Every structure is written in structure tokens, then in C-alpha cells.
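Right, one structure below, let's go through it.
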Amino acid sequence: MTPDFTKKMKEEYTIIAPDIFPTHMELIEAAFHIYGYKLKVVHYEGKQVIDTGLKYLHNDVCYPAICSLGQQLYALSCGDFDPKKSALIMFQTGGGCRASNYIMLLRKALRNMGMEYIPVISISFGTLEKYSGFKITPAMALTGLRALIYGDMLLLLKNQTLPYEVNKGDTERVVHKWTEELTRQFAARKGLTSGAMKKNLAAIAEDFHNIPREKKDLTKVGIVGEIYVKYAALGNNGLEKFLLSQGCEYMVPGVLGFFQYCFANMEKDHEYYGGGFAALWGGRIAGRISDKWEEALIKALEPYPEFVKPVSFDRVKELADKIIDRGVKMGEGWLLPGETAELIEKGYNSVICAQPFGCLPNHIVGKGTIHRLRELYPNANIFPVDYDAGASKVNQENRIKLMLAIAREQEGKA
């Protein structure tokens, strides 16, 4: 029988979450605390985490599962948490993605570890499991979306400031300052109204604007791909740090875009596949809220033309429609070429498509749309890079160096 997460557990248990979006997860953790859940995001890295994932899962499962589930299983086995007072949580997209099987994989792994008594909580865009002591309320969902907006702003400005900072460490200090400030506000149930959010976003933009920066002619690189390896350093072998060491400015689209993609897909489900009206209207309402808050982020950046602003999600959909039908929505589906086109139009002509082993939709759409993207953008320099437990980091970095060499030759920097 699957263990329930009870009301008593809510008071006593630590809920262990993997580190999926490094700039956002501390804010998501703080959002859970508002509603009485003791969520703890674990940041374990290194070979021991991957080995734990391989030991209790199997090497045919997709690489993001080995990484993210490996972090949770390592947390239970390394002695940092009491398994008798712990629960696990997994964020899933649902649908045709292999991530729909993560919960069953995790429960099977726990049985093999002799810890089948540990509850596993599923948060999914598909069917939600029911627990007597855990419930996502509309207010909690909206708080989570606000956390994503704040995280996206920090991610966007960090990536545009870090490569140019005059005083090493200034950018990270501002990120840390605002992570702490927003966590404090969340604990006091502040920063959660539209007015307060606009005020915070404006203050964040001003703080990054005030960081002394020097002019450099850096190669601009965009990063797209599967949702986990696109953001998580454990999954992409520290891709951002490597690009920084190679004299690059990198741009990663915001996390909110993936949620907007999922909301938009509810409409396509209804149009193409006979999805229900409840999901249709739920997607429309969530999409409108997300679009409105995204607009607040964009407006907060208007006083600072030195920063590249996101485009509206409607524009991403328009770009995707030139490349592939929006009925293609397994994994990252049409979002992947849409974001690639957005990055190229912003001047990030070199784009890394991070593709993990086992993510078939990502490989098909990622590689399959490159020809069309190059027709639309002849100067585009798009390189798929594969990530899996057996992949050589040296080979990955050499492939990226080749991409950068081509980019610099095109720019006349070689």
C-alpha cells in the first residue's frame, strides 16, 4: 500500500526536494513554508549522487531521473536526514514524458532500500494524487508562480551582469541579498500582492543596474533544451560556469515560460485531442495570470535599456508556429524551437540544445527543427549536446569549444 502523507506528518516531517532550478528553488522552498510544509531542497552534486541514482534506478531511465531522484535517494542514505521523519516530493509534467513514471521509480527504489514507508508526494500537471496532509490550494499555486517570477528576474539579470562585473562577487551578492529578502518577505506573508511584486521587481532591476560593469566583446550563447538539464548544473556538468570560463555571456529563457507552455497546451488538448472544458478554462485562466505577471517583469526593466528583456509568451508562440505545429507537445515540444528562435532574434546566434539520454521527444524536436531554424536564420549556430551518466565531460566541452570557434569566426574574432 502506498504510504499517505498525513496531517501529523505535515507538522513533523521534512519534505526533501531535488535542486531543479538553482536560482528559483530557495524561493519555492520559502513559498512552501508559508503554508506549513517543511520543504528542504537538497544541493548534492558529484559522482556519488549519480552513482546512487544508477544503483537504485537503472541506466535505461532518462538522465534527469538519475540526477534528480539520485539527489533525493542520496539524501536518505548519507545520514543528513532521518528517513523515519522524511518524505519526498517530485514535480512532474505528466503526459507522454518519461517523468510521468518518476513517482513509481522512486517508490520502487525506496522498496529496494528498505524504506518503502517513506511517503512520496506527486505534483503534476496531470492527475493529482490525494494525500490527507498535503494539498495545493489556489493561493499556494499563485504563490509558487510569484516565486517563479522573482526567480526569473534574478536569473535573467544575473546572467547579463556576471560576465561583465568589475568587482568579482558583486552579482552573486545581489542575488543572495534578494533571495534572503524575498524569503524574509514570504515568511511575513509579504511580497505576494501585485503591487508589492512590481515594487520588488523594480528594486531588483535597480540593484543590478547599479553593479559596476565593464564593456567586453563577448560571444553570446543561448541555452535551450530539456527542462532539467537546461538549468541544473548537476545535469549539464556545470555548463554555465564553463561558458563563463570561455569568455561568453549566456542566456537561459525563464522557467515561467515552461509553465506558460503547459497552460497553452491545455487549449491545444481541447482543440486537437478532445480535452475537457475544465482543463481548457483552467489553462486559460492560469495563462492570463502568468502573462500579466510576465508583463510586470518586462515593465520593471524598461528604465534599463542595457538589459535584454524577455519577449511576451505570445511572441514565443508566434515564433514556434513558423517552425512546428503546436500539437507537438511531448516533453518541451514546440517550446524548444520557439525559445531557440527568440534567443537568435535577441542576438544569441549560438545556441546549445541540451539533450539528456532517454528524452526522446527532446531529441526528435531538438534535432528535427534545426534545419527549419537555419532556413529562417541563416547565421544561426545551433549545437545539440548530449548529457547522460556515461558521457564524457571532456567530449561535451570540446563540442562546445567547436561551436564557439565557429561563432567567433563568423563574428571575425578568430
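The chains in the C-alpha cells are called A, B, ... from first to last as shown; in each chain the residues are counted from 1, and the ligands are counted from 1 in the order shown.
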Which residues come within 6 Å of stretch 257-269 of chain A, counting only C-alpha atoms, excluding same-chain residues fewer than 6 positions away, as a compact mmCIF listing (two decimals) with N, CA and C atoms, in the first residue's frame?
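Dumped to result06.txt:
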# COMPACT_ATOMS: atom_id res chain seq x y z
N GLY A 275 -9.80 17.32 -25.23
CA GLY A 275 -9.64 17.57 -23.80
C GLY A 275 -10.87 18.25 -23.21
N LEU A 280 -9.44 23.21 -20.13
CA LEU A 280 -9.36 24.32 -21.08
C LEU A 280 -9.43 25.65 -20.35
N GLY A 283 -6.49 26.25 -17.91
CA GLY A 283 -5.29 26.67 -18.64
C GLY A 283 -5.38 28.12 -19.07
N GLY A 287 -2.95 30.92 -17.70
CA GLY A 287 -2.16 31.58 -18.74
C GLY A 287 -2.28 33.09 -18.66
Listing only residues of stretch 129-152 of chain A within 12 Å of stretch 202-218 of chain A, what is the closest atom pair and its distance in Å (to one decimal) for each, using only C-alpha atoms, sorted by chain and residue number ascending, as CSV?
residue,atom,partner,partner_atom,distance
A:Ile149,CA,A:Ile204,CA,11.8
A:Tyr150,CA,A:Ile204,CA,9.0
A:Gly151,CA,A:Ile204,CA,10.9
A:Asp152,CA,A:Ile204,CA,11.3
Those residues you just picked out, can you put them in a file as a short mmCIF file (atom, residue, chain, number, x, y, z; two decimals), in the first residue's frame with C-alpha atoms?
data_model
loop_
_atom_site.label_atom_id
_atom_site.label_comp_id
_atom_site.auth_asym_id
_atom_site.auth_seq_id
_atom_site.Cartn_x
_atom_site.Cartn_y
_atom_site.Cartn_z
CA ILE A 149 8.62 35.41 -11.50
CA TYR A 150 11.12 36.55 -8.87
CA GLY A 151 13.46 33.69 -9.74
CA ASP A 152 13.26 34.52 -13.45
#
Checklist entry - What is the atom CA of A:Ala391 to atom CA of A:Pro356 distance in Å? => result 10.0 Å
Checklist entry - Contacts of stretch 35-39 of chain A at 9 Å or less, counting only C-alpha atoms, minus same-chain residues fewer than 5 places along, as a VMD selection string? => result chain A and resid 10 to 17 28 to 30 89 134 140
Next on the checklist: Would you pick out the contacts of A:Lys47 at 12 Å or less, using only C-alpha atoms, so that residues sharing its chain but fewer than 3 positions from it are not included, and give the list as a ChimeraX atom specification?
Outcome noted: /A:44,50-55,66-67,70-71,74,234-235,237,389-390
N, CA and C atoms of the current selection, written as an mmCIF file, in the first residue's frame:
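Okay, this is what ended up in selection-v4.cif:
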data_model
loop_
_atom_site.group_PDB
_atom_site.id
_atom_site.type_symbol
_atom_site.label_atom_id
_atom_site.label_comp_id
_atom_site.auth_asym_id
_atom_site.auth_seq_id
_atom_site.Cartn_x
_atom_site.Cartn_y
_atom_site.Cartn_z
ATOM 1 N N TYR A 44 23.069 18.364 -3.340
ATOM 2 C CA TYR A 44 24.192 17.436 -3.502
ATOM 3 C C TYR A 44 24.620 17.357 -4.967
ATOM 4 N N ILE A 50 25.149 10.614 -8.746
ATOM 5 C CA ILE A 50 24.833 9.872 -9.972
ATOM 6 C C ILE A 50 24.897 8.369 -9.704
ATOM 7 N N ASP A 51 25.907 7.934 -8.967
ATOM 8 C CA ASP A 51 26.043 6.505 -8.652
ATOM 9 C C ASP A 51 24.861 6.004 -7.833
ATOM 10 N N THR A 52 24.361 6.833 -6.916
ATOM 11 C CA THR A 52 23.186 6.441 -6.121
ATOM 12 C C THR A 52 21.966 6.292 -7.023
ATOM 13 N N GLY A 53 21.799 7.233 -7.958
ATOM 14 C CA GLY A 53 20.691 7.127 -8.900
ATOM 15 C C GLY A 53 20.781 5.873 -9.742
ATOM 16 N N LEU A 54 21.991 5.566 -10.243
ATOM 17 C CA LEU A 54 22.181 4.368 -11.072
ATOM 18 C C LEU A 54 21.978 3.088 -10.259
ATOM 19 N N LYS A 55 22.358 3.109 -8.996
ATOM 20 C CA LYS A 55 22.260 1.914 -8.155
ATOM 21 C C LYS A 55 20.803 1.511 -7.911
ATOM 22 N N ILE A 66 17.868 10.071 -13.122
ATOM 23 C CA ILE A 66 19.042 9.602 -12.389
ATOM 24 C C ILE A 66 19.606 10.727 -11.519
ATOM 25 N N CYS A 67 19.626 11.954 -12.058
ATOM 26 C CA CYS A 67 20.172 13.093 -11.312
ATOM 27 C C CYS A 67 19.245 13.529 -10.168
ATOM 28 N N GLY A 70 18.334 10.739 -7.838
ATOM 29 C CA GLY A 70 19.595 10.399 -7.168
ATOM 30 C C GLY A 70 19.885 11.340 -6.024
ATOM 31 N N GLN A 71 19.595 12.634 -6.173
ATOM 32 C CA GLN A 71 19.797 13.588 -5.079
ATOM 33 C C GLN A 71 18.947 13.222 -3.865
ATOM 34 N N TYR A 74 20.148 9.895 -2.312
ATOM 35 C CA TYR A 74 21.415 10.137 -1.608
ATOM 36 C C TYR A 74 21.158 10.850 -0.282
ATOM 37 N N LEU A 234 24.061 20.041 -12.017
ATOM 38 C CA LEU A 234 24.327 18.609 -11.879
ATOM 39 C C LEU A 234 24.026 17.879 -13.180
ATOM 40 N N GLY A 235 22.970 18.290 -13.872
ATOM 41 C CA GLY A 235 22.572 17.625 -15.104
ATOM 42 C C GLY A 235 23.382 18.031 -16.317
ATOM 43 N N ASN A 237 26.647 19.280 -16.226
ATOM 44 C CA ASN A 237 28.086 19.330 -15.928
ATOM 45 C C ASN A 237 28.617 20.755 -15.809
ATOM 46 N N ALA A 389 24.742 9.667 -17.997
ATOM 47 C CA ALA A 389 25.642 9.234 -16.927
ATOM 48 C C ALA A 389 26.988 8.749 -17.450
ATOM 49 N N GLY A 390 27.021 8.260 -18.696
ATOM 50 C CA GLY A 390 28.275 7.734 -19.237
ATOM 51 C C GLY A 390 28.980 8.687 -20.178
#
Item to check | Distance criterion (only C-alpha atoms): nearest to A:Gly238 out of A:Tyr131, A:Tyr387, A:Trp334, A:Phe307 | outcome: A:Tyr387
DSSP alpha helix (DSSP H) residues within stretch 217-279 of chain A, as a PDB file with N, CA and C atoms, in the first residue's frame:
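Result file follows (result.pdb):
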ATOM      1  N   ILE A 227      13.925  20.495 -19.736  1.00  0.00           N
ATOM      2  CA  ILE A 227      13.722  21.408 -18.615  1.00  0.00           C
ATOM      3  C   ILE A 227      14.740  21.227 -17.495  1.00  0.00           C
ATOM      4  N   TYR A 228      15.208  20.013 -17.240  1.00  0.00           N
ATOM      5  CA  TYR A 228      16.150  19.800 -16.137  1.00  0.00           C
ATOM      6  C   TYR A 228      17.577  20.151 -16.545  1.00  0.00           C
ATOM      7  N   VAL A 229      18.077  19.545 -17.629  1.00  0.00           N
ATOM      8  CA  VAL A 229      19.478  19.785 -17.982  1.00  0.00           C
ATOM      9  C   VAL A 229      19.703  21.207 -18.484  1.00  0.00           C
ATOM     10  N   LYS A 230      18.650  21.901 -18.847  1.00  0.00           N
ATOM     11  CA  LYS A 230      18.784  23.294 -19.274  1.00  0.00           C
ATOM     12  C   LYS A 230      19.229  24.174 -18.111  1.00  0.00           C
ATOM     13  N   TYR A 231      18.759  23.850 -16.887  1.00  0.00           N
ATOM     14  CA  TYR A 231      19.019  24.709 -15.731  1.00  0.00           C
ATOM     15  C   TYR A 231      19.983  24.105 -14.704  1.00  0.00           C
ATOM     16  N   ALA A 233      22.950  22.470 -12.820  1.00  0.00           N
ATOM     17  CA  ALA A 233      24.384  22.246 -13.038  1.00  0.00           C
ATOM     18  C   ALA A 233      24.742  20.770 -12.903  1.00  0.00           C
ATOM     19  N   LEU A 234      24.061  20.041 -12.017  1.00  0.00           N
ATOM     20  CA  LEU A 234      24.327  18.609 -11.879  1.00  0.00           C
ATOM     21  C   LEU A 234      24.026  17.879 -13.180  1.00  0.00           C
ATOM     22  N   GLY A 235      22.970  18.290 -13.872  1.00  0.00           N
ATOM     23  CA  GLY A 235      22.572  17.625 -15.104  1.00  0.00           C
ATOM     24  C   GLY A 235      23.382  18.031 -16.317  1.00  0.00           C
ATOM     25  N   ASN A 236      23.906  19.272 -16.328  1.00  0.00           N
ATOM     26  CA  ASN A 236      24.641  19.732 -17.523  1.00  0.00           C
ATOM     27  C   ASN A 236      26.136  19.929 -17.273  1.00  0.00           C
ATOM     28  N   LEU A 239      27.479  23.676 -17.050  1.00  0.00           N
ATOM     29  CA  LEU A 239      27.550  24.323 -18.360  1.00  0.00           C
ATOM     30  C   LEU A 239      27.754  25.835 -18.251  1.00  0.00           C
ATOM     31  N   GLU A 240      27.000  26.490 -17.377  1.00  0.00           N
ATOM     32  CA  GLU A 240      27.107  27.940 -17.271  1.00  0.00           C
ATOM     33  C   GLU A 240      28.499  28.364 -16.817  1.00  0.00           C
ATOM     34  N   LYS A 241      29.033  27.678 -15.833  1.00  0.00           N
ATOM     35  CA  LYS A 241      30.380  28.005 -15.342  1.00  0.00           C
ATOM     36  C   LYS A 241      31.417  27.805 -16.445  1.00  0.00           C
ATOM     37  N   PHE A 242      31.244  26.755 -17.247  1.00  0.00           N
ATOM     38  CA  PHE A 242      32.182  26.512 -18.341  1.00  0.00           C
ATOM     39  C   PHE A 242      32.099  27.615 -19.383  1.00  0.00           C
ATOM     40  N   LEU A 243      30.883  28.023 -19.756  1.00  0.00           N
ATOM     41  CA  LEU A 243      30.731  29.097 -20.736  1.00  0.00           C
ATOM     42  C   LEU A 243      31.347  30.396 -20.221  1.00  0.00           C
ATOM     43  N   LEU A 244      31.196  30.666 -18.937  1.00  0.00           N
ATOM     44  CA  LEU A 244      31.793  31.865 -18.346  1.00  0.00           C
ATOM     45  C   LEU A 244      33.314  31.810 -18.465  1.00  0.00           C
ATOM     46  N   SER A 245      33.887  30.624 -18.244  1.00  0.00           N
ATOM     47  CA  SER A 245      35.341  30.470 -18.334  1.00  0.00           C
ATOM     48  C   SER A 245      35.847  30.633 -19.766  1.00  0.00           C
ATOM     49  N   LEU A 256       9.277  30.436 -16.023  1.00  0.00           N
ATOM     50  CA  LEU A 256       7.843  30.693 -16.199  1.00  0.00           C
ATOM     51  C   LEU A 256       7.379  30.265 -17.581  1.00  0.00           C
ATOM     52  N   GLY A 257       8.248  30.413 -18.600  1.00  0.00           N
ATOM     53  CA  GLY A 257       7.876  30.048 -19.960  1.00  0.00           C
ATOM     54  C   GLY A 257       7.440  28.607 -20.090  1.00  0.00           C
ATOM     55  N   PHE A 258       8.085  27.706 -19.325  1.00  0.00           N
ATOM     56  CA  PHE A 258       7.691  26.295 -19.395  1.00  0.00           C
ATOM     57  C   PHE A 258       6.279  26.108 -18.843  1.00  0.00           C
ATOM     58  N   PHE A 259       5.950  26.837 -17.784  1.00  0.00           N
ATOM     59  CA  PHE A 259       4.605  26.734 -17.219  1.00  0.00           C
ATOM     60  C   PHE A 259       3.578  27.353 -18.168  1.00  0.00           C
ATOM     61  N   GLN A 260       3.931  28.474 -18.797  1.00  0.00           N
ATOM     62  CA  GLN A 260       3.030  29.059 -19.792  1.00  0.00           C
ATOM     63  C   GLN A 260       2.797  28.088 -20.950  1.00  0.00           C
ATOM     64  N   TYR A 261       3.846  27.378 -21.324  1.00  0.00           N
ATOM     65  CA  TYR A 261       3.751  26.342 -22.369  1.00  0.00           C
ATOM     66  C   TYR A 261       2.756  25.261 -21.956  1.00  0.00           C
ATOM     67  N   CYS A 262       2.853  24.818 -20.702  1.00  0.00           N
ATOM     68  CA  CYS A 262       1.933  23.777 -20.215  1.00  0.00           C
ATOM     69  C   CYS A 262       0.493  24.291 -20.183  1.00  0.00           C
ATOM     70  N   PHE A 263       0.304  25.552 -19.774  1.00  0.00           N
ATOM     71  CA  PHE A 263      -1.047  26.128 -19.757  1.00  0.00           C
ATOM     72  C   PHE A 263      -1.600  26.233 -21.180  1.00  0.00           C
ATOM     73  N   ALA A 264      -0.751  26.678 -22.120  1.00  0.00           N
ATOM     74  CA  ALA A 264      -1.191  26.815 -23.511  1.00  0.00           C
ATOM     75  C   ALA A 264      -1.557  25.465 -24.115  1.00  0.00           C
ATOM     76  N   ASN A 265      -0.858  24.407 -23.681  1.00  0.00           N
ATOM     77  CA  ASN A 265      -1.133  23.072 -24.214  1.00  0.00           C
ATOM     78  C   ASN A 265      -2.510  22.556 -23.829  1.00  0.00           C
ATOM     79  N   MET A 266      -3.066  23.059 -22.717  1.00  0.00           N
ATOM     80  CA  MET A 266      -4.407  22.635 -22.317  1.00  0.00           C
ATOM     81  C   MET A 266      -5.427  23.046 -23.373  1.00  0.00           C
ATOM     82  N   GLU A 267      -5.190  24.199 -24.000  1.00  0.00           N
ATOM     83  CA  GLU A 267      -6.082  24.645 -25.070  1.00  0.00           C
ATOM     84  C   GLU A 267      -5.924  23.770 -26.307  1.00  0.00           C
ATOM     85  N   LYS A 268      -4.696  23.417 -26.636  1.00  0.00           N
ATOM     86  CA  LYS A 268      -4.460  22.541 -27.784  1.00  0.00           C
ATOM     87  C   LYS A 268      -5.029  21.146 -27.534  1.00  0.00           C
ATOM     88  N   ASP A 269      -4.955  20.679 -26.291  1.00  0.00           N
ATOM     89  CA  ASP A 269      -5.551  19.377 -25.960  1.00  0.00           C
ATOM     90  C   ASP A 269      -7.039  19.381 -26.296  1.00  0.00           C
ATOM     91  N   HIS A 270      -7.695  20.485 -25.947  1.00  0.00           N
ATOM     92  CA  HIS A 270      -9.128  20.594 -26.215  1.00  0.00           C
ATOM     93  C   HIS A 270      -9.393  20.688 -27.717  1.00  0.00           C
ATOM     94  N   GLU A 271      -8.572  21.474 -28.414  1.00  0.00           N
ATOM     95  CA  GLU A 271      -8.781  21.704 -29.837  1.00  0.00           C
ATOM     96  C   GLU A 271      -8.475  20.468 -30.679  1.00  0.00           C
ATOM     97  N   TYR A 272      -7.366  19.778 -30.347  1.00  0.00           N
ATOM     98  CA  TYR A 272      -6.901  18.668 -31.188  1.00  0.00           C
ATOM     99  C   TYR A 272      -7.341  17.296 -30.699  1.00  0.00           C
ATOM    100  N   TYR A 273      -7.371  17.133 -29.380  1.00  0.00           N
ATOM    101  CA  TYR A 273      -7.491  15.779 -28.839  1.00  0.00           C
ATOM    102  C   TYR A 273      -8.729  15.551 -27.970  1.00  0.00           C
ATOM    103  N   PHE A 277     -13.458  20.666 -20.826  1.00  0.00           N
ATOM    104  CA  PHE A 277     -13.627  22.113 -20.675  1.00  0.00           C
ATOM    105  C   PHE A 277     -12.983  22.630 -19.391  1.00  0.00           C
ATOM    106  N   ALA A 278     -12.962  21.818 -18.343  1.00  0.00           N
ATOM    107  CA  ALA A 278     -12.366  22.267 -17.075  1.00  0.00           C
ATOM    108  C   ALA A 278     -10.885  22.575 -17.267  1.00  0.00           C
ATOM    109  N   ALA A 279     -10.172  21.671 -17.936  1.00  0.00           N
ATOM    110  CA  ALA A 279      -8.753  21.899 -18.198  1.00  0.00           C
ATOM    111  C   ALA A 279      -8.558  23.080 -19.142  1.00  0.00           C
TER     112      ALA A 279
END
Next on the checklist: So that I can see what lies close to A:Val365, please list as a PyMOL selection string the residues with an atom at most 8 Å from it, counting only C-alpha atoms and leaving out residues fewer than 5 positions away in the same chain.
Outcome noted: chain A and resi 333-334+336-337
Could you please take those selected residues and save N, CA and C atoms as a PDB file, in the first residue's frame?
ATOM      1  N   GLY A 333       8.534  19.938 -26.561  1.00  0.00           N
ATOM      2  CA  GLY A 333       7.749  20.137 -27.778  1.00  0.00           C
ATOM      3  C   GLY A 333       8.054  21.420 -28.522  1.00  0.00           C
ATOM      4  N   TRP A 334       6.998  22.139 -28.881  1.00  0.00           N
ATOM      5  CA  TRP A 334       7.140  23.358 -29.687  1.00  0.00           C
ATOM      6  C   TRP A 334       7.823  24.487 -28.940  1.00  0.00           C
ATOM      7  N   LEU A 336      10.638  24.382 -27.441  1.00  0.00           N
ATOM      8  CA  LEU A 336      12.077  24.333 -27.690  1.00  0.00           C
ATOM      9  C   LEU A 336      12.472  25.162 -28.918  1.00  0.00           C
ATOM     10  N   PRO A 337      11.883  24.939 -30.108  1.00  0.00           N
ATOM     11  CA  PRO A 337      12.242  25.798 -31.243  1.00  0.00           C
ATOM     12  C   PRO A 337      11.765  27.234 -31.082  1.00  0.00           C
TER      13      PRO A 337
END
Next on the checklist: Show me, as a count of residues only, the residues that have an atom within 12 Å of A:Ala31 when counting only C-alpha atoms, minus same-chain residues fewer than 5 positions from it.
Outcome noted: 31
Next on the checklist: List as a list in words the protein and nucleic acid residues near A:Ile223, meaning an atom at most 9 Å away when only C-alpha atoms are counted, but skip any in the same chain fewer than 3 places from it.
Outcome noted: Lys230, Tyr231, Tyr250, Met251, Val252, Pro253, Thr340, Leu343, Ser350, Val351, Ile352, Cys353 and Ala354 of chain A
Item to check | Sel. of strand (DSSP E or B) residues, stretch 256-405 of chain A, as a list in words | outcome: Ser350, Val351, Ile352, Cys353, Ala354, Gln355, Pro356, Asn381, Ile382, Phe383, Pro384, Val385, Asp386 and Tyr387 of chain A
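Here atom CA of A:Ala407 and atom CA of A:Ile370 stand 16.4 Å from one another.
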Checklist entry - Which value, in Å to one decimal, gives the distance between atom CA of A:Cys62 and atom CA of A:Thr2? => result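 Separating atom CA of A:Cys62 from atom CA of A:Thr2 is a distance of 23.9 Å.
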